[in-house]
$ cat model-v3.cif   # mmCIF, C-alpha atoms
data_upload
loop_
_atom_site.label_atom_id
_atom_site.label_comp_id
_atom_site.auth_asym_id
_atom_site.auth_seq_id
_atom_site.Cartn_x
_atom_site.Cartn_y
_atom_site.Cartn_z
CA MET U 1 -0.97 -71.41 -22.24
CA LYS U 2 1.96 -70.57 -19.97
CA LYS U 3 1.60 -67.72 -17.44
CA PRO U 4 3.80 -64.66 -18.33
CA TRP U 5 4.68 -63.68 -14.73
CA PRO U 6 8.18 -65.28 -14.69
CA ILE U 7 9.11 -63.20 -17.74
CA VAL U 8 7.76 -60.04 -16.08
CA ILE U 9 9.88 -60.64 -12.96
CA VAL U 10 13.03 -61.10 -15.03
CA VAL U 11 12.37 -57.88 -16.95
CA VAL U 12 11.84 -55.92 -13.73
CA LEU U 13 15.10 -57.24 -12.25
CA VAL U 14 17.06 -56.36 -15.37
CA ILE U 15 15.65 -52.82 -15.41
CA GLY U 16 16.57 -52.41 -11.73
CA VAL U 17 20.14 -53.52 -12.35
CA ILE U 18 20.49 -51.14 -15.29
CA PHE U 19 19.08 -48.21 -13.27
CA THR U 20 21.48 -48.86 -10.38
CA TYR U 21 24.48 -49.10 -12.73
CA VAL U 22 23.58 -45.81 -14.45
CA LYS U 23 23.17 -44.06 -11.09
CA TYR U 24 26.59 -45.34 -10.05
CA LEU U 25 28.20 -44.02 -13.22
CA ARG U 26 26.63 -40.58 -12.71
CA GLY U 27 27.90 -40.40 -9.10
CA THR U 28 31.50 -41.04 -10.12
CA THR U 29 31.56 -38.18 -12.68
CA GLN U 30 30.49 -35.35 -10.21
CA PRO U 31 32.75 -33.60 -7.67
CA ALA U 32 32.49 -35.12 -4.27
CA VAL U 33 31.17 -32.87 -1.51
CA GLU U 34 32.95 -33.79 1.67
CA GLU U 35 31.43 -33.64 5.10
CA GLY U 36 31.89 -30.23 6.58
CA THR U 37 31.53 -28.42 3.23
CA ASN U 38 28.64 -26.85 1.39
CA SER U 39 28.06 -26.64 -2.35
CA GLU U 40 26.27 -23.85 -4.15
CA GLN U 41 24.88 -24.03 -7.69
CA GLN U 42 26.18 -21.15 -9.80
CA PRO U 43 24.67 -19.70 -12.97
CA GLY U 44 25.50 -21.94 -15.94
CA GLY U 45 25.14 -25.12 -13.90
CA GLU U 46 28.64 -25.05 -12.38
CA ARG U 47 28.95 -26.09 -8.79
CA THR U 48 31.14 -24.26 -6.29
CA VAL U 49 32.29 -25.99 -3.14
CA VAL U 50 32.37 -23.70 -0.11
CA ASP U 51 34.84 -24.86 2.52
CA GLN U 52 33.46 -24.85 6.04
CA THR U 53 35.94 -27.07 7.77
CA GLU U 54 36.61 -26.59 11.48
CA ASP U 55 39.77 -24.51 10.85
CA SER U 56 37.99 -21.94 8.66
CA LYS U 57 34.78 -21.50 10.65
CA PRO U 58 34.46 -18.12 12.46
CA ALA U 59 35.57 -18.35 16.09
CA GLU U 60 32.89 -18.17 18.73
CA PRO U 61 32.95 -14.95 20.86
CA GLY U 62 33.87 -16.96 23.94
CA ALA U 63 36.78 -18.52 22.11
CA LEU U 64 38.07 -15.06 21.08
CA LYS U 65 37.90 -13.83 24.66
CA GLY U 66 39.72 -16.92 25.80
CA THR U 67 42.45 -16.35 23.23
CA MET U 68 42.82 -12.71 24.24
CA LYS U 69 42.95 -13.67 27.90
CA ASN U 70 45.60 -16.28 27.21
CA GLU U 71 47.68 -13.74 25.27
CA ALA U 72 47.42 -11.22 28.13
CA GLU U 73 48.42 -13.88 30.65
CA LEU U 74 51.39 -14.90 28.53
CA ALA U 75 52.48 -11.26 28.21
CA ALA U 76 52.15 -10.74 31.97
CA ALA U 77 54.14 -13.92 32.62
CA LYS U 78 56.85 -12.68 30.25
CA ALA U 79 56.95 -9.32 32.04
CA ALA U 80 57.23 -11.07 35.42
CA ASP U 81 60.11 -13.21 34.15
CA LEU U 82 61.94 -10.17 32.77
CA PHE U 83 61.39 -8.35 36.06
CA ARG U 84 62.93 -11.26 38.00
CA GLN U 85 65.91 -11.30 35.63
CA ALA U 86 66.37 -7.55 36.09
CA ARG U 87 66.37 -7.85 39.86
CA ALA U 88 68.84 -10.71 39.65
CA ALA U 89 71.15 -8.62 37.46
CA GLY U 90 70.98 -5.79 40.00
CA THR U 91 73.76 -3.26 40.37
CA ALA U 92 76.37 -5.79 39.24
CA ASN U 93 75.14 -5.26 35.70
CA ALA U 94 73.17 -2.02 35.83
CA PRO U 95 72.86 -1.45 32.06
CA LYS U 96 71.54 -4.98 31.58
CA ALA U 97 69.11 -4.55 34.49
CA LEU U 98 67.72 -1.32 33.00
CA GLU U 99 67.30 -3.03 29.65
CA LEU U 100 65.37 -5.88 31.29
CA TYR U 101 63.17 -3.53 33.33
CA GLU U 102 62.28 -1.60 30.16
CA ALA U 103 61.53 -4.86 28.34
CA ALA U 104 59.21 -5.89 31.20
CA VAL U 105 57.25 -2.64 30.85
CA ALA U 106 57.04 -3.04 27.07
CA ALA U 107 55.84 -6.66 27.35
CA ALA U 108 52.71 -5.94 29.41
CA PRO U 109 52.45 -2.31 30.65
CA ALA U 110 49.40 -2.94 32.83
CA SER U 111 50.78 -6.03 34.61
CA GLU U 112 51.90 -5.92 38.22
CA ALA U 113 55.52 -6.68 37.27
CA ALA U 114 55.53 -3.89 34.68
CA ILE U 115 54.12 -1.38 37.19
CA GLN U 116 56.92 -2.20 39.63
CA ALA U 117 59.51 -2.08 36.84
CA ALA U 118 58.17 1.34 35.76
CA ALA U 119 58.40 2.58 39.36
CA PHE U 120 62.06 1.55 39.50
CA LEU U 121 62.80 3.16 36.13
CA GLY U 122 60.98 6.37 37.07
CA GLU U 123 63.02 6.71 40.26
CA HIS U 124 66.25 5.88 38.42
CA TYR U 125 65.79 8.42 35.62
CA TYR U 126 64.58 11.06 38.11
CA LYS U 127 67.80 10.69 40.14
CA ASN U 128 69.82 10.91 36.93
CA LYS U 129 67.98 14.08 35.87
CA GLN U 130 66.51 12.55 32.72
CA ALA U 131 63.18 14.31 33.12
CA GLY U 132 61.44 13.06 29.99
CA ARG U 133 62.13 9.38 30.61
CA ALA U 134 61.44 9.73 34.32
CA ALA U 135 58.00 11.28 33.68
CA GLU U 136 57.17 8.58 31.11
CA TYR U 137 57.81 5.71 33.52
CA LEU U 138 56.36 7.46 36.56
CA ARG U 139 53.05 7.88 34.69
CA ILE U 140 53.00 4.16 33.88
CA ALA U 141 53.76 3.26 37.48
CA LEU U 142 51.03 5.53 38.83
CA SER U 143 48.47 4.05 36.44
CA GLY U 144 48.61 0.79 38.40
CA GLN U 145 47.71 -0.31 41.91
CA LEU U 146 50.33 0.87 44.40
CA ALA U 147 50.39 1.08 48.17
CA GLU U 148 50.05 4.67 49.39
CA GLU U 149 53.56 4.72 50.85
CA GLN U 150 54.95 3.84 47.41
CA ARG U 151 52.52 5.93 45.36
CA LYS U 152 52.98 9.23 47.24
CA PRO U 153 56.72 9.84 46.57
CA LEU U 154 56.28 8.78 42.94
CA GLN U 155 53.38 11.23 42.53
CA GLU U 156 55.42 14.02 44.10
CA LYS U 157 58.29 13.42 41.68
CA LEU U 158 55.96 13.33 38.67
CA ASP U 159 54.21 16.52 39.79
CA GLU U 160 57.53 18.28 40.19
CA LEU U 161 58.61 17.24 36.70
CA THR U 162 55.24 18.05 35.13
CA SER U 163 54.84 21.48 36.72
CA THR U 164 58.44 22.41 35.94
CA GLU U 165 58.00 21.33 32.33
CA LEU U 166 54.67 23.12 31.98
CA ILE U 167 56.05 26.35 33.43
CA SER U 168 59.14 26.08 31.26
CA ASN U 169 57.15 25.48 28.08
CA SER U 170 54.24 27.82 28.81
CA ALA U 171 55.84 30.81 30.52
CA THR U 172 56.27 34.03 28.57
CA LEU U 173 58.32 37.13 29.37
CA TYR U 174 56.46 40.22 30.51
CA THR U 175 58.17 43.61 30.53
CA VAL U 176 57.11 45.80 33.45
CA GLU U 177 55.58 49.09 32.29
CA PRO U 178 55.69 52.42 34.14
CA GLY U 179 53.08 52.47 36.87
CA ASP U 180 52.69 48.64 36.88
CA ALA U 181 52.06 46.76 40.10
CA LEU U 182 52.54 43.04 40.57
CA GLN U 183 48.85 42.54 41.35
CA ARG U 184 47.86 44.38 38.17
CA ILE U 185 50.14 42.13 36.10
CA ALA U 186 48.67 39.10 37.86
CA ASN U 187 45.12 40.21 37.09
CA ARG U 188 45.93 40.54 33.39
CA HIS U 189 47.11 36.94 33.32
CA ALA U 190 44.45 35.45 35.66
CA ILE U 191 47.00 34.16 38.14
CA PRO U 192 47.81 35.19 41.73
CA ALA U 193 50.57 37.72 42.36
CA GLU U 194 52.14 35.21 44.75
CA LEU U 195 52.76 32.82 41.85
CA ILE U 196 54.56 35.48 39.80
CA ALA U 197 56.66 36.38 42.86
CA ARG U 198 57.61 32.73 43.43
CA MET U 199 58.41 32.09 39.74
CA ASN U 200 60.74 35.11 39.61
CA ASN U 201 62.19 35.07 43.15
CA ILE U 202 60.69 38.47 43.94
CA GLY U 203 61.32 39.22 47.60
CA ASP U 204 59.17 42.35 47.93
CA PRO U 205 56.20 42.58 45.50
CA ASN U 206 56.11 46.34 46.00
CA LEU U 207 59.62 46.80 44.63
CA ILE U 208 59.38 46.21 40.90
CA ARG U 209 60.84 48.55 38.31
CA ALA U 210 59.77 49.56 34.83
CA GLY U 211 61.73 47.64 32.23
CA GLU U 212 62.20 44.51 34.38
CA LYS U 213 61.24 41.24 32.71
CA PHE U 214 59.23 38.61 34.56
CA ARG U 215 58.17 35.11 33.59
CA VAL U 216 54.39 34.80 33.69
CA LEU U 217 51.79 32.13 32.92
CA GLN U 218 48.38 32.59 31.35
CA GLY U 219 45.74 31.31 33.76
CA PRO U 220 43.43 30.61 35.29
CA PHE U 221 44.14 27.32 37.00
CA HIS U 222 41.21 25.00 37.70
CA ILE U 223 40.50 22.28 40.27
CA VAL U 224 38.94 18.85 39.80
CA VAL U 225 38.15 16.71 42.86
CA GLU U 226 37.42 13.00 42.35
CA LYS U 227 35.74 11.76 45.49
CA SER U 228 36.12 8.05 44.70
CA LYS U 229 39.91 8.51 44.44
CA PHE U 230 40.35 11.10 47.21
CA THR U 231 42.32 13.26 44.77
CA LEU U 232 42.38 16.94 43.85
CA THR U 233 43.95 17.66 40.46
CA VAL U 234 45.00 21.09 39.23
CA TYR U 235 44.88 22.01 35.54
CA MET U 236 46.23 25.06 33.75
CA GLY U 237 43.59 25.33 31.06
CA ASP U 238 43.29 21.72 29.93
CA LYS U 239 46.88 20.80 30.84
CA TYR U 240 47.62 18.66 33.87
CA PHE U 241 49.66 20.55 36.47
CA LYS U 242 49.61 18.73 39.79
CA SER U 243 47.64 16.33 42.00
CA TYR U 244 47.06 16.14 45.77
CA ARG U 245 45.50 13.65 48.17
CA VAL U 246 42.50 15.00 50.07
CA GLY U 247 40.13 14.26 52.89
CA LEU U 248 36.37 14.58 52.30
CA GLY U 249 33.06 14.96 54.12
CA LYS U 250 31.62 12.30 56.42
CA ASP U 251 28.92 10.10 54.92
CA ASP U 252 29.71 11.33 51.39
CA SER U 253 28.61 14.88 52.37
CA THR U 254 31.03 16.76 50.07
CA PRO U 255 28.73 18.35 47.45
CA GLU U 256 29.17 17.48 43.78
CA GLY U 257 28.96 20.01 40.97
CA VAL U 258 30.83 22.85 39.29
CA TYR U 259 31.61 25.95 41.35
CA LYS U 260 33.88 29.01 41.24
CA VAL U 261 36.43 30.08 43.81
CA GLU U 262 34.56 32.77 45.76
CA ASP U 263 37.08 33.76 48.40
CA LYS U 264 40.58 33.04 49.71
CA ILE U 265 41.70 33.60 53.31
CA LYS U 266 45.07 33.07 54.97
CA ASN U 267 45.14 31.86 58.59
CA PRO U 268 41.33 31.51 58.73
CA ASP U 269 39.14 31.63 61.78
CA TRP U 270 36.40 28.99 62.10
CA PHE U 271 32.90 30.33 62.55
CA ARG U 272 30.59 28.09 64.53
CA PRO U 273 27.01 28.80 65.68
CA GLY U 274 27.35 31.24 68.58
CA ARG U 275 31.18 31.43 68.60
CA VAL U 276 34.33 32.00 66.60
CA VAL U 277 37.27 29.61 66.89
CA ARG U 278 40.35 31.65 66.14
CA PHE U 279 43.21 30.55 63.90
CA GLY U 280 45.76 28.62 65.90
CA ASP U 281 43.20 27.27 68.37
CA PRO U 282 43.54 23.45 68.60
CA GLU U 283 39.78 23.23 68.00
CA ASN U 284 40.07 25.06 64.64
CA PRO U 285 40.23 22.34 61.93
CA LEU U 286 40.82 24.68 58.95
CA GLY U 287 44.61 24.70 58.94
CA THR U 288 46.50 27.57 57.33
CA ARG U 289 44.34 28.39 54.28
CA TRP U 290 40.66 28.61 53.28
CA ILE U 291 39.45 28.58 49.66
CA LYS U 292 35.68 29.04 49.56
CA PHE U 293 33.75 27.57 46.61
CA SER U 294 30.15 27.43 47.92
CA LYS U 295 28.14 28.64 50.89
CA GLY U 296 29.55 26.84 53.90
CA TYR U 297 31.97 24.73 51.86
CA GLY U 298 35.58 25.20 50.96
CA ILE U 299 39.00 23.70 50.50
CA HIS U 300 41.24 24.07 53.54
CA GLY U 301 44.22 22.76 55.44
CA THR U 302 44.02 20.52 58.46
CA SER U 303 45.45 20.02 61.92
CA GLU U 304 44.72 16.30 61.51
CA PRO U 305 46.93 15.00 58.67
CA GLU U 306 45.91 11.42 59.41
CA THR U 307 42.41 12.20 58.05
CA ILE U 308 43.71 12.72 54.49
CA GLY U 309 42.31 9.91 52.33
CA THR U 310 39.26 9.47 54.58
CA GLN U 311 35.77 10.91 55.04
CA ALA U 312 36.20 12.96 58.20
CA SER U 313 35.18 16.60 57.58
CA GLU U 314 31.81 18.35 57.77
CA GLY U 315 31.66 18.33 53.96
CA CYS U 316 34.71 20.41 53.02
CA VAL U 317 37.78 19.23 51.11
CA ARG U 318 40.90 18.89 53.29
CA LEU U 319 44.55 19.01 52.24
CA LEU U 320 47.81 18.96 54.14
CA ASN U 321 48.76 22.50 55.12
CA LYS U 322 51.78 22.59 52.78
CA ASP U 323 49.56 21.44 49.91
CA VAL U 324 46.76 23.93 50.50
CA GLU U 325 49.30 26.75 50.77
CA GLU U 326 50.64 25.81 47.36
CA LEU U 327 47.13 25.50 45.90
CA PHE U 328 46.21 28.87 47.40
CA ASP U 329 48.90 30.52 45.24
CA LEU U 330 47.50 29.00 42.03
CA VAL U 331 43.78 29.82 42.01
CA VAL U 332 42.03 33.16 41.46
CA ARG U 333 38.77 34.49 42.87
CA ASN U 334 35.80 34.42 40.47
CA LYS U 335 37.88 32.85 37.67
CA SER U 336 39.18 29.48 38.85
CA THR U 337 36.56 26.70 38.85
CA VAL U 338 36.15 23.84 41.29
CA THR U 339 34.59 20.69 39.83
CA ILE U 340 33.67 17.92 42.28
CA LYS U 341 32.96 14.51 40.77
CA PRO U 342 31.68 11.29 42.36
#

$ encode --input "model-v3.cif" --output "structure tokens"
Amino acid sequence: MKKPWPIVIVVVLVIGVIFTYVKYLRGTTQPAVEEGTNSEQQPGGERTVVDQTEDSKPAEPGALKGTMKNEAELAAAKAADLFRQARAAGTANAPKALELYEAAVAAAPASEAAIQAAAFLGEHYYKNKQAGRAAEYLRIALSGQLAEEQRKPLQEKLDELTSTELISNSATLYTVEPGDALQRIANRHAIPAELIARMNNIGDPNLIRAGEKFRVLQGPFHIVVEKSKFTLTVYMGDKYFKSYRVGLGKDDSTPEGVYKVEDKIKNPDWFRPGRVVRFGDPENPLGTRWIKFSKGYGIHGTSEPETIGTQASEGCVRLLNKDVEELFDLVVRNKSTVTIKP
């Protein structure tokens, strides 16, 4: 009797071939799932292919930052190029130069080129008495990093425009009543009498007549000192009015907090332990005005203008004499606040 094993082997081989062929046929009738994709089985047995190719994958956070940085750099480069073109055009083609300067600011307002372009435009529109456009570009210029010698005249021009605009838009007409005094009118509006006199060109505050009309503002004005910036900013309510550069206390000794104006003195003497240094004495550092806001501390002028922008006082806030005289005529005792921030 012959052994059956050769027949068994043949049968196994045939079955294997058939199985492989069937598997091949099944593979060719199903959708192919490419590398980089994912398939999900849906109800009813249908298969959905979810594309996850490189182009559609969410960008990594680092890649987004890189893209944003590249866009900012491109915008800054464009602004710089427009600025160079504007300077090249110069006065020979002034309208074209202005157009290019404005395009530089629009391209990247925070870039160095845009800041310089805005400074030029602010000066130009100020000289041409276009207050709105001048203020717009001066604000952009002052938002950037400028050397003090460039920043100061721009700030002065902006403050002039801003205060003039605020007074123009906010002033109301007051009709003097019988028995009125300028100080009484000032008290009603929480502003100093000196400000009303200056706004209305009143030579003698004691000579006002019933029926006269004066422009007045509704105060009080408030002060905010930012120590890190060496600035003192004045607000009428919540509206920006003007800003000054200041000197501060040695070793960060100017106190922080919220205070009220307690007293105001013209031509102040300086009281030291055991002696009084009279106004006008070279040793008196208080300048022409004293605005007290806390025990031993105040805002005053200075006989040392070179100390503005530095820490040089005993803790008080220093201004140039012309600046503190102007500030003196804005604030009111027991109503105006002084906020000192880091």

$ atom_distance --input "model-v3.cif" --atom1 "atom CA of Glu156 of chain U" --atom2 "atom CA of Gln130 of chain U"
16.0 Å

$ residues_near_point --input "model-v3.cif" --point "(57.8, 43.4, 31.3)" --cutoff "6 Å" --atoms "all atoms listed in the file" --output "number ranges by chain"
U: 174-176, 211-214

$ residues_around --input "model-v3.cif" --residues "segment 241-255 of chain U" --least-positions-apart "2" --cutoff "8 Å" --atoms "all atoms listed in the file" --output "count of residues only"
32

$ residues_around --input "model-v3.cif" --residues "segment 94-102 of chain U" --least-positions-apart "5" --cutoff "8 Å" --atoms "only C-alpha atoms" --output "count of residues only"
10

$ residues_around --input "model-v3.cif" --residues "Leu161 of chain U" --least-positions-apart "5" --cutoff "9 Å" --atoms "all atoms listed in the file" --output "list of chain:residue names"
U:Tyr126, U:Ala131, U:Gly132, U:Ala134, U:Ala135, U:Glu156, U:Leu166

$ write_last_selection --input "model-v3.cif" --atoms "C-alpha atoms" --output "JSON list (two decimals), in the frame of the given file"
[["chain", "number", "residue", "atom", "x", "y", "z"],
["U", 126, "TYR", "CA", 64.58, 11.06, 38.11],
["U", 131, "ALA", "CA", 63.18, 14.31, 33.12],
["U", 132, "GLY", "CA", 61.44, 13.06, 29.99],
["U", 134, "ALA", "CA", 61.44, 9.73, 34.32],
["U", 135, "ALA", "CA", 58.00, 11.28, 33.68],
["U", 156, "GLU", "CA", 55.42, 14.02, 44.10],
["U", 166, "LEU", "CA", 54.67, 23.12, 31.98]]

$ resolve_selection --input "model-v3.cif" --expression "the PyMOL selection byres ((chain U and resi 283) around 12)" --output "number ranges by chain"
U: 269-272, 275-282, 284-287, 302-304

$ closest_residue --input "model-v3.cif" --among "U:Val332, U:Gly179, U:Gly90, U:Ser170" --to "Leu207 of chain U" --atoms "all atoms listed in the file"
U:Gly179

$ resolve_selection --input "model-v3.cif" --expression "the PyMOL selection byres ((chain U and resi 330) around 10)" --output "PDB file with C-alpha atoms, in the coordinates of the input"
ATOM      1  CA  ALA U 190      44.450  35.450  35.660  1.00  0.00           C
ATOM      2  CA  ILE U 191      47.000  34.160  38.140  1.00  0.00           C
ATOM      3  CA  PRO U 192      47.810  35.190  41.730  1.00  0.00           C
ATOM      4  CA  ALA U 193      50.570  37.720  42.360  1.00  0.00           C
ATOM      5  CA  GLU U 194      52.140  35.210  44.750  1.00  0.00           C
ATOM      6  CA  LEU U 195      52.760  32.820  41.850  1.00  0.00           C
ATOM      7  CA  ILE U 196      54.560  35.480  39.800  1.00  0.00           C
ATOM      8  CA  GLY U 219      45.740  31.310  33.760  1.00  0.00           C
ATOM      9  CA  PRO U 220      43.430  30.610  35.290  1.00  0.00           C
ATOM     10  CA  PHE U 221      44.140  27.320  37.000  1.00  0.00           C
ATOM     11  CA  HIS U 222      41.210  25.000  37.700  1.00  0.00           C
ATOM     12  CA  ILE U 223      40.500  22.280  40.270  1.00  0.00           C
ATOM     13  CA  VAL U 234      45.000  21.090  39.230  1.00  0.00           C
ATOM     14  CA  TYR U 235      44.880  22.010  35.540  1.00  0.00           C
ATOM     15  CA  MET U 236      46.230  25.060  33.750  1.00  0.00           C
ATOM     16  CA  VAL U 324      46.760  23.930  50.500  1.00  0.00           C
ATOM     17  CA  GLU U 325      49.300  26.750  50.770  1.00  0.00           C
ATOM     18  CA  GLU U 326      50.640  25.810  47.360  1.00  0.00           C
ATOM     19  CA  LEU U 327      47.130  25.500  45.900  1.00  0.00           C
ATOM     20  CA  PHE U 328      46.210  28.870  47.400  1.00  0.00           C
ATOM     21  CA  ASP U 329      48.900  30.520  45.240  1.00  0.00           C
ATOM     22  CA  VAL U 331      43.780  29.820  42.010  1.00  0.00           C
ATOM     23  CA  VAL U 332      42.030  33.160  41.460  1.00  0.00           C
ATOM     24  CA  SER U 336      39.180  29.480  38.850  1.00  0.00           C
TER      25      SER U 336
END

$ closest_residue --input "model-v3.cif" --among "U:Ile167, U:Ala110, U:Met199, U:Ile208" --to "Asp180 of chain U" --atoms "all atoms listed in the file"
U:Ile208
